[in-house]
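Listing of coords-v1.txt; format and content: compact mmCIF, C-alpha atoms.
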```txt
# COMPACT_ATOMS: atom_id res chain seq x y z
CA MET A 1 -6.45 34.58 -17.36
CA TYR A 2 -8.91 31.72 -17.64
CA ASN A 3 -10.54 30.45 -20.82
CA VAL A 4 -14.15 29.59 -21.56
CA GLY A 5 -14.78 26.05 -20.35
CA ASP A 6 -12.08 26.08 -17.66
CA LEU A 7 -12.98 24.68 -14.25
CA ILE A 8 -11.79 26.87 -11.41
CA LEU A 9 -12.14 26.99 -7.67
CA TYR A 10 -13.77 30.33 -6.86
CA GLY A 11 -13.55 31.15 -3.16
CA ARG A 12 -16.09 29.46 -0.93
CA THR A 13 -18.45 29.09 -3.87
CA GLY A 14 -16.37 26.11 -4.93
CA VAL A 15 -15.90 24.73 -8.42
CA CYS A 16 -17.19 26.90 -11.27
CA ARG A 17 -17.02 26.62 -15.03
CA VAL A 18 -15.99 29.74 -16.94
CA ALA A 19 -19.06 30.13 -19.14
CA GLU A 20 -18.19 33.37 -20.89
CA ILE A 21 -15.65 36.16 -21.11
CA CYS A 22 -17.18 39.44 -22.22
CA ASP A 23 -16.62 43.16 -22.25
CA GLY A 24 -18.48 45.16 -19.67
CA SER A 25 -18.79 48.65 -18.32
CA PRO A 26 -15.55 50.57 -17.78
CA ASP A 27 -13.94 50.76 -14.35
CA SER A 28 -13.88 53.95 -12.27
CA ALA A 29 -10.88 55.26 -14.27
CA GLY A 30 -12.75 54.78 -17.56
CA ASN A 31 -10.69 51.77 -18.65
CA PRO A 32 -12.56 49.00 -20.47
CA GLN A 33 -13.10 45.93 -18.34
CA GLN A 34 -13.59 42.28 -19.18
CA TYR A 35 -15.77 40.00 -17.09
CA TYR A 36 -16.00 36.27 -16.45
CA THR A 37 -19.39 34.67 -16.19
CA LEU A 38 -19.00 31.71 -13.86
CA GLN A 39 -21.43 28.81 -13.51
CA PRO A 40 -21.00 27.04 -10.15
CA LEU A 41 -21.19 23.27 -10.65
CA TYR A 42 -23.08 22.60 -7.42
CA GLN A 43 -25.35 25.64 -7.19
CA SER A 44 -27.96 27.00 -9.56
CA CYS A 45 -26.80 30.55 -10.20
CA SER A 46 -24.26 32.45 -12.24
CA ILE A 47 -21.60 34.88 -11.08
CA ARG A 48 -20.19 37.78 -13.03
CA ILE A 49 -16.80 39.07 -11.92
CA PRO A 50 -14.15 41.33 -13.43
CA VAL A 51 -11.23 39.43 -14.97
CA SER A 52 -8.94 41.60 -12.85
CA ASN A 53 -10.83 40.76 -9.63
CA GLY A 54 -8.34 40.06 -6.87
CA LYS A 55 -10.83 40.20 -4.00
CA VAL A 56 -11.96 36.57 -4.13
CA PHE A 57 -9.47 33.73 -4.37
CA SER A 58 -9.56 31.65 -7.55
CA ARG A 59 -7.34 29.00 -9.12
CA PRO A 60 -7.63 26.16 -11.65
CA ILE A 61 -8.87 22.93 -10.07
CA ILE A 62 -6.43 20.09 -9.48
CA SER A 63 -6.03 17.32 -12.03
CA GLY A 64 -7.54 13.86 -11.70
CA ALA A 65 -4.06 12.43 -11.08
CA GLU A 66 -3.46 14.94 -8.27
CA ALA A 67 -6.83 14.07 -6.71
CA LYS A 68 -6.07 10.33 -6.83
CA LYS A 69 -2.64 10.92 -5.27
CA LEU A 70 -4.10 13.01 -2.42
CA ILE A 71 -6.77 10.38 -1.74
CA GLN A 72 -4.13 7.63 -1.54
CA GLU A 73 -2.07 9.76 0.85
CA MET A 74 -5.02 10.58 3.14
CA PRO A 75 -4.30 7.93 5.79
CA ASP A 76 -0.73 9.24 6.21
CA ILE A 77 -1.65 12.94 6.40
CA PRO A 78 -1.25 14.01 10.04
CA ALA A 79 -4.12 15.81 11.73
CA GLU A 80 -5.00 16.69 15.30
CA PRO A 81 -8.33 17.95 16.66
CA TYR A 82 -8.30 21.62 17.59
CA TYR A 83 -10.08 22.59 20.80
CA ASN A 84 -10.87 26.10 21.97
CA ARG A 85 -13.72 27.19 24.22
CA ASN A 86 -13.60 30.71 22.77
CA LEU A 87 -15.92 30.49 19.74
CA ASN A 88 -14.39 33.53 18.04
CA GLN A 89 -10.93 31.98 18.22
CA LEU A 90 -12.33 28.64 17.05
CA ARG A 91 -14.00 30.29 14.03
CA GLU A 92 -10.82 32.23 13.25
CA HIS A 93 -8.73 29.03 13.39
CA TYR A 94 -11.04 27.30 10.89
CA ARG A 95 -11.26 30.37 8.63
CA THR A 96 -7.47 30.53 8.50
CA CYS A 97 -7.27 26.82 7.61
CA MET A 98 -9.72 27.29 4.76
CA GLU A 99 -8.23 30.49 3.34
CA SER A 100 -5.41 28.71 1.52
CA TYR A 101 -8.00 26.78 -0.53
CA ARG A 102 -5.40 24.02 -0.88
CA CYS A 103 -6.77 20.48 -0.94
CA LEU A 104 -4.10 19.31 1.50
CA ASP A 105 -5.14 21.95 4.06
CA LEU A 106 -8.80 21.01 3.60
CA ILE A 107 -7.95 17.33 4.12
CA VAL A 108 -6.09 18.13 7.35
CA MET A 109 -8.98 20.26 8.58
CA THR A 110 -11.61 17.67 7.64
CA LYS A 111 -9.65 14.83 9.24
CA SER A 112 -9.15 16.81 12.45
CA LEU A 113 -12.86 17.61 12.59
CA TYR A 114 -13.81 13.95 11.99
CA MET A 115 -11.50 13.00 14.85
CA LYS A 116 -13.08 15.64 17.06
CA LYS A 117 -16.57 14.43 16.15
CA LYS A 118 -15.70 10.78 16.88
CA GLN A 119 -14.23 11.81 20.25
CA ALA A 120 -17.41 13.74 21.11
CA GLU A 121 -19.56 10.72 20.16
CA LYS A 122 -17.35 8.43 22.23
CA GLU A 123 -17.77 10.73 25.24
CA ARG A 124 -21.50 11.12 24.48
CA LYS A 125 -21.06 14.87 24.01
CA LYS A 126 -22.57 17.14 21.40
CA PHE A 127 -20.39 18.00 18.40
CA GLY A 128 -20.15 21.79 18.28
CA THR A 129 -22.21 23.87 15.85
CA VAL A 130 -19.14 25.84 14.73
CA ASP A 131 -17.23 22.59 14.17
CA GLU A 132 -20.15 21.11 12.22
CA ARG A 133 -20.50 24.18 9.99
CA PHE A 134 -16.82 24.33 9.09
CA MET A 135 -16.61 20.58 8.56
CA ARG A 136 -19.49 20.83 6.07
CA GLU A 137 -17.87 23.81 4.29
CA ALA A 138 -14.46 22.11 4.06
CA GLU A 139 -16.05 18.88 2.78
CA ASP A 140 -18.10 20.78 0.21
CA LEU A 141 -15.01 22.49 -1.20
CA LEU A 142 -12.84 19.37 -1.08
CA PHE A 143 -15.40 16.87 -2.35
CA GLY A 144 -16.61 19.29 -5.02
CA GLU A 145 -13.09 19.71 -6.35
CA PHE A 146 -12.40 15.97 -6.20
CA ALA A 147 -15.65 15.26 -8.06
CA ALA A 148 -14.81 17.73 -10.82
CA ALA A 149 -11.20 16.55 -11.10
CA LEU A 150 -12.19 12.87 -11.20
CA GLN A 151 -15.26 13.54 -13.36
CA ILE A 152 -17.62 11.78 -10.96
CA ASP A 153 -20.82 12.86 -9.20
CA ARG A 154 -20.33 14.94 -6.07
CA GLU A 155 -22.56 12.51 -4.13
CA THR A 156 -20.24 9.58 -4.88
CA VAL A 157 -16.96 11.15 -3.71
CA GLU A 158 -17.13 9.82 -0.16
CA ASN A 159 -17.69 6.23 -1.43
CA TYR A 160 -14.95 6.70 -4.06
CA ILE A 161 -12.50 7.70 -1.31
CA ALA A 162 -13.49 4.75 0.90
CA LYS A 163 -13.13 2.26 -1.98
CA SER A 164 -9.80 3.76 -3.07
CA LEU A 165 -8.41 3.44 0.44
CA GLN A 166 -9.58 -0.17 0.73
CA ARG A 167 -7.79 -1.05 -2.52
CA GLY A 168 -4.67 0.91 -1.58
```

Please go through the file and, once you have read it, give me the structure as structure tokens.
Amino acid sequence: MYNVGDLILYGRTGVCRVAEICDGSPDSAGNPQQYYTLQPLYQSCSIRIPVSNGKVFSRPIISGAEAKKLIQEMPDIPAEPYYNRNLNQLREHYRTCMESYRCLDLIVMTKSLYMKKKQAEKERKKFGTVDERFMREAEDLLFGEFAAALQIDRETVENYIAKSLQRG
């Protein structure tokens, strides 16, 4: 159970602050239910979900120390571009990569997509729409969590990573 003020990763919504825990209408069996009210950090809305909701993945965000460690390890994290002409299989591959919601998996996916994009640019080819969409989604989740963990603005994460790697 989360507490008011906790920062959590809530599915593809990304980082949310637990704004409130309140009683709500009973479930279908008549049992009283508690609800979280979540405030996404990078969207202007609120989300109300049952405390017992197991349908959407959620977990506490990583610590600042964990974020710094992952950033320092980025150059050594292996990644290979994934190619598939079948768009359904390509989408499914990316969905599977994202479903763990682990920062390491998102780093691998983002790195592989950057490599794929650079290769396309080198060959003067168009970077695929599916690739572009999933790269943006993975970056949003990863950079949003890094920003919250490091207590910096979301817009500065990319520069923070570049500077950290130059120092390292």

Item to check | Best match for closeness to A:Cys97 among A:Ser25, A:Asn159, A:Gln151, A:Ser112, counting all atoms listed in the file | outcome: A:Ser112

Next on the checklist: Taking all atoms listed in the file into account, name the residue in A:Cys103, A:His93, A:Gly24, A:Pro50 that is nearest to A:Lys68.
Outcome noted: A:Cys103

Checklist entry - What does the distance between atom CA of A:Val18 and atom CA of A:Arg95 come to in Å, to one decimal place? => result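 If I compute the distance from atom CA of A:Val18 to atom CA of A:Arg95, I get 26.0 Å.
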
Shell of 6 Å around stretch 132-149 of chain A, all atoms listed in the file, local chain residues under 2 positions omitted, as a PDB file with C-alpha atoms, in the coordinates of the input:
```
ATOM      1  CA  GLY A  14     -16.370  26.110  -4.930  1.00  0.00           C
ATOM      2  CA  SER A  63      -6.030  17.320 -12.030  1.00  0.00           C
ATOM      3  CA  GLY A  64      -7.540  13.860 -11.700  1.00  0.00           C
ATOM      4  CA  ALA A  67      -6.830  14.070  -6.710  1.00  0.00           C
ATOM      5  CA  LEU A 106      -8.800  21.010   3.600  1.00  0.00           C
ATOM      6  CA  THR A 110     -11.610  17.670   7.640  1.00  0.00           C
ATOM      7  CA  THR A 129     -22.210  23.870  15.850  1.00  0.00           C
ATOM      8  CA  VAL A 130     -19.140  25.840  14.730  1.00  0.00           C
ATOM      9  CA  GLN A 151     -15.260  13.540 -13.360  1.00  0.00           C
ATOM     10  CA  ILE A 152     -17.620  11.780 -10.960  1.00  0.00           C
ATOM     11  CA  ASP A 153     -20.820  12.860  -9.200  1.00  0.00           C
ATOM     12  CA  ARG A 154     -20.330  14.940  -6.070  1.00  0.00           C
TER      13      ARG A 154
END
```

Item to check | Contacts of A:Cys16 within 12 Å, all atoms listed in the file, excl. fewer than 6 positions in-chain, as number ranges by chain | outcome: A: 2, 4-10, 36-48, 58-61, 141, 144-145, 148-149

Item to check | A:Asn84 surroundings by all atoms listed in the file, 12 Å radius, close-in-sequence under 6 positions cut, as a list of chain:residue names | outcome: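 Once the adjacent positions are removed, what remains is A:Leu90, A:Arg91, A:Glu92, A:His93, A:Tyr94, A:Lys116, A:Gly128, A:Val130, A:Asp131.
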
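For the pair atom CA of A:Phe127 and atom CA of A:Ile77, the separation is 22.8 Å.
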
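What separates atom CA of A:Arg12 from atom CA of A:Tyr82 is a distance of 21.6 Å.
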
Next on the checklist: as JSON, numbers by chain, please: the residues near A:Asp27 (cut-off 12 Å, only C-alpha atoms, same-chain neighbours under 3 positions excluded).
Outcome noted: {"A": [23, 24, 30, 31, 32, 33, 34, 35, 50, 51, 52, 53]}

Would you save the residues of that selection, restricted to C-alpha atoms, as a PDB file, keeping the file's coordinate frame?
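Wrote it out as selection05.pdb, contents follow:
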```pdb
ATOM      1  CA  ASP A  23     -16.620  43.160 -22.250  1.00  0.00           C
ATOM      2  CA  GLY A  24     -18.480  45.160 -19.670  1.00  0.00           C
ATOM      3  CA  GLY A  30     -12.750  54.780 -17.560  1.00  0.00           C
ATOM      4  CA  ASN A  31     -10.690  51.770 -18.650  1.00  0.00           C
ATOM      5  CA  PRO A  32     -12.560  49.000 -20.470  1.00  0.00           C
ATOM      6  CA  GLN A  33     -13.100  45.930 -18.340  1.00  0.00           C
ATOM      7  CA  GLN A  34     -13.590  42.280 -19.180  1.00  0.00           C
ATOM      8  CA  TYR A  35     -15.770  40.000 -17.090  1.00  0.00           C
ATOM      9  CA  PRO A  50     -14.150  41.330 -13.430  1.00  0.00           C
ATOM     10  CA  VAL A  51     -11.230  39.430 -14.970  1.00  0.00           C
ATOM     11  CA  SER A  52      -8.940  41.600 -12.850  1.00  0.00           C
ATOM     12  CA  ASN A  53     -10.830  40.760  -9.630  1.00  0.00           C
TER      13      ASN A  53
END
```

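For the point (-7.8, 16.4, 17.4), the residues with an atom at a distance of at most 12 Å are A:Pro78, A:Ala79, A:Glu80, A:Pro81, A:Tyr82, A:Tyr83, A:Asn84, A:Val108, A:Met109, A:Thr110, A:Lys111, A:Ser112, A:Leu113, A:Tyr114, A:Met115, A:Lys116, A:Lys117, A:Lys118, A:Gln119, A:Ala120, A:Asp131, counting all atoms listed in the file.
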
Next on the checklist: From the options A:Ile161, A:Met1, A:Leu87, A:Ile62, which residue's atoms come nearest to A:Met74, counting only C-alpha atoms?
Outcome noted: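 Checking each of A:Ile161, A:Met1, A:Leu87, A:Ile62 against A:Met74, counting only C-alpha atoms, the winner is A:Ile161.
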
What would stretch 1-29 of chain A look like with N, CA and C atoms restored, written as a PDB file, in the coordinates of the input?
```
ATOM      1  N   MET A   1      -5.119  34.443 -16.797  1.00  0.00           N
ATOM      2  CA  MET A   1      -6.450  34.580 -17.360  1.00  0.00           C
ATOM      3  C   MET A   1      -6.996  33.193 -17.680  1.00  0.00           C
ATOM      4  N   TYR A   2      -8.255  32.994 -17.370  1.00  0.00           N
ATOM      5  CA  TYR A   2      -8.910  31.720 -17.640  1.00  0.00           C
ATOM      6  C   TYR A   2      -9.564  31.749 -19.016  1.00  0.00           C
ATOM      7  N   ASN A   3      -9.861  30.575 -19.530  1.00  0.00           N
ATOM      8  CA  ASN A   3     -10.540  30.450 -20.820  1.00  0.00           C
ATOM      9  C   ASN A   3     -11.940  29.895 -20.625  1.00  0.00           C
ATOM     10  N   VAL A   4     -12.799  30.144 -21.596  1.00  0.00           N
ATOM     11  CA  VAL A   4     -14.150  29.590 -21.560  1.00  0.00           C
ATOM     12  C   VAL A   4     -14.038  28.067 -21.474  1.00  0.00           C
ATOM     13  N   GLY A   5     -14.802  27.485 -20.556  1.00  0.00           N
ATOM     14  CA  GLY A   5     -14.780  26.050 -20.350  1.00  0.00           C
ATOM     15  C   GLY A   5     -13.886  25.591 -19.217  1.00  0.00           C
ATOM     16  N   ASP A   6     -12.960  26.450 -18.762  1.00  0.00           N
ATOM     17  CA  ASP A   6     -12.080  26.080 -17.660  1.00  0.00           C
ATOM     18  C   ASP A   6     -12.879  25.852 -16.381  1.00  0.00           C
ATOM     19  N   LEU A   7     -12.415  24.901 -15.578  1.00  0.00           N
ATOM     20  CA  LEU A   7     -12.980  24.680 -14.250  1.00  0.00           C
ATOM     21  C   LEU A   7     -12.033  25.317 -13.252  1.00  0.00           C
ATOM     22  N   ILE A   8     -12.597  26.174 -12.408  1.00  0.00           N
ATOM     23  CA  ILE A   8     -11.790  26.870 -11.410  1.00  0.00           C
ATOM     24  C   ILE A   8     -12.438  26.746 -10.047  1.00  0.00           C
ATOM     25  N   LEU A   9     -11.625  26.890  -9.019  1.00  0.00           N
ATOM     26  CA  LEU A   9     -12.140  26.990  -7.670  1.00  0.00           C
ATOM     27  C   LEU A   9     -12.293  28.479  -7.405  1.00  0.00           C
ATOM     28  N   TYR A  10     -13.510  28.919  -7.080  1.00  0.00           N
ATOM     29  CA  TYR A  10     -13.770  30.330  -6.860  1.00  0.00           C
ATOM     30  C   TYR A  10     -14.220  30.536  -5.409  1.00  0.00           C
ATOM     31  N   GLY A  11     -13.261  30.884  -4.560  1.00  0.00           N
ATOM     32  CA  GLY A  11     -13.550  31.150  -3.160  1.00  0.00           C
ATOM     33  C   GLY A  11     -14.380  30.045  -2.531  1.00  0.00           C
ATOM     34  N   ARG A  12     -15.244  30.430  -1.618  1.00  0.00           N
ATOM     35  CA  ARG A  12     -16.090  29.460  -0.930  1.00  0.00           C
ATOM     36  C   ARG A  12     -17.277  29.003  -1.764  1.00  0.00           C
ATOM     37  N   THR A  13     -17.412  29.570  -2.953  1.00  0.00           N
ATOM     38  CA  THR A  13     -18.450  29.090  -3.870  1.00  0.00           C
ATOM     39  C   THR A  13     -18.106  27.691  -4.337  1.00  0.00           C
ATOM     40  N   GLY A  14     -16.815  27.424  -4.492  1.00  0.00           N
ATOM     41  CA  GLY A  14     -16.370  26.110  -4.930  1.00  0.00           C
ATOM     42  C   GLY A  14     -16.084  26.087  -6.420  1.00  0.00           C
ATOM     43  N   VAL A  15     -16.261  24.924  -7.027  1.00  0.00           N
ATOM     44  CA  VAL A  15     -15.900  24.730  -8.420  1.00  0.00           C
ATOM     45  C   VAL A  15     -16.914  25.422  -9.340  1.00  0.00           C
ATOM     46  N   CYS A  16     -16.371  26.188 -10.278  1.00  0.00           N
ATOM     47  CA  CYS A  16     -17.190  26.900 -11.270  1.00  0.00           C
ATOM     48  C   CYS A  16     -16.595  26.654 -12.652  1.00  0.00           C
ATOM     49  N   ARG A  17     -17.458  26.672 -13.641  1.00  0.00           N
ATOM     50  CA  ARG A  17     -17.020  26.620 -15.030  1.00  0.00           C
ATOM     51  C   ARG A  17     -17.056  28.046 -15.579  1.00  0.00           C
ATOM     52  N   VAL A  18     -15.996  28.442 -16.280  1.00  0.00           N
ATOM     53  CA  VAL A  18     -15.990  29.740 -16.940  1.00  0.00           C
ATOM     54  C   VAL A  18     -16.905  29.612 -18.152  1.00  0.00           C
ATOM     55  N   ALA A  19     -18.058  30.256 -18.089  1.00  0.00           N
ATOM     56  CA  ALA A  19     -19.060  30.130 -19.140  1.00  0.00           C
ATOM     57  C   ALA A  19     -18.851  31.141 -20.260  1.00  0.00           C
ATOM     58  N   GLU A  20     -18.304  32.301 -19.896  1.00  0.00           N
ATOM     59  CA  GLU A  20     -18.190  33.370 -20.890  1.00  0.00           C
ATOM     60  C   GLU A  20     -17.155  34.393 -20.423  1.00  0.00           C
ATOM     61  N   ILE A  21     -16.508  35.014 -21.381  1.00  0.00           N
ATOM     62  CA  ILE A  21     -15.650  36.160 -21.110  1.00  0.00           C
ATOM     63  C   ILE A  21     -16.165  37.270 -22.016  1.00  0.00           C
ATOM     64  N   CYS A  22     -16.576  38.377 -21.400  1.00  0.00           N
ATOM     65  CA  CYS A  22     -17.180  39.440 -22.220  1.00  0.00           C
ATOM     66  C   CYS A  22     -16.728  40.806 -21.730  1.00  0.00           C
ATOM     67  N   ASP A  23     -16.915  41.780 -22.609  1.00  0.00           N
ATOM     68  CA  ASP A  23     -16.620  43.160 -22.250  1.00  0.00           C
ATOM     69  C   ASP A  23     -17.779  43.709 -21.452  1.00  0.00           C
ATOM     70  N   GLY A  24     -17.451  44.567 -20.513  1.00  0.00           N
ATOM     71  CA  GLY A  24     -18.480  45.160 -19.670  1.00  0.00           C
ATOM     72  C   GLY A  24     -18.245  46.643 -19.512  1.00  0.00           C
ATOM     73  N   SER A  25     -18.920  47.216 -18.561  1.00  0.00           N
ATOM     74  CA  SER A  25     -18.790  48.650 -18.320  1.00  0.00           C
ATOM     75  C   SER A  25     -17.381  48.974 -17.849  1.00  0.00           C
ATOM     76  N   PRO A  26     -16.905  50.173 -18.178  1.00  0.00           N
ATOM     77  CA  PRO A  26     -15.550  50.570 -17.780  1.00  0.00           C
ATOM     78  C   PRO A  26     -15.419  50.693 -16.270  1.00  0.00           C
ATOM     79  N   ASP A  27     -14.175  50.583 -15.786  1.00  0.00           N
ATOM     80  CA  ASP A  27     -13.940  50.760 -14.350  1.00  0.00           C
ATOM     81  C   ASP A  27     -14.001  52.236 -13.996  1.00  0.00           C
ATOM     82  N   SER A  28     -13.744  52.565 -12.754  1.00  0.00           N
ATOM     83  CA  SER A  28     -13.880  53.950 -12.270  1.00  0.00           C
ATOM     84  C   SER A  28     -12.924  54.918 -12.981  1.00  0.00           C
ATOM     85  N   ALA A  29     -11.830  54.415 -13.551  1.00  0.00           N
ATOM     86  CA  ALA A  29     -10.880  55.260 -14.270  1.00  0.00           C
ATOM     87  C   ALA A  29     -11.229  55.379 -15.756  1.00  0.00           C
TER      88      ALA A  29
END
```
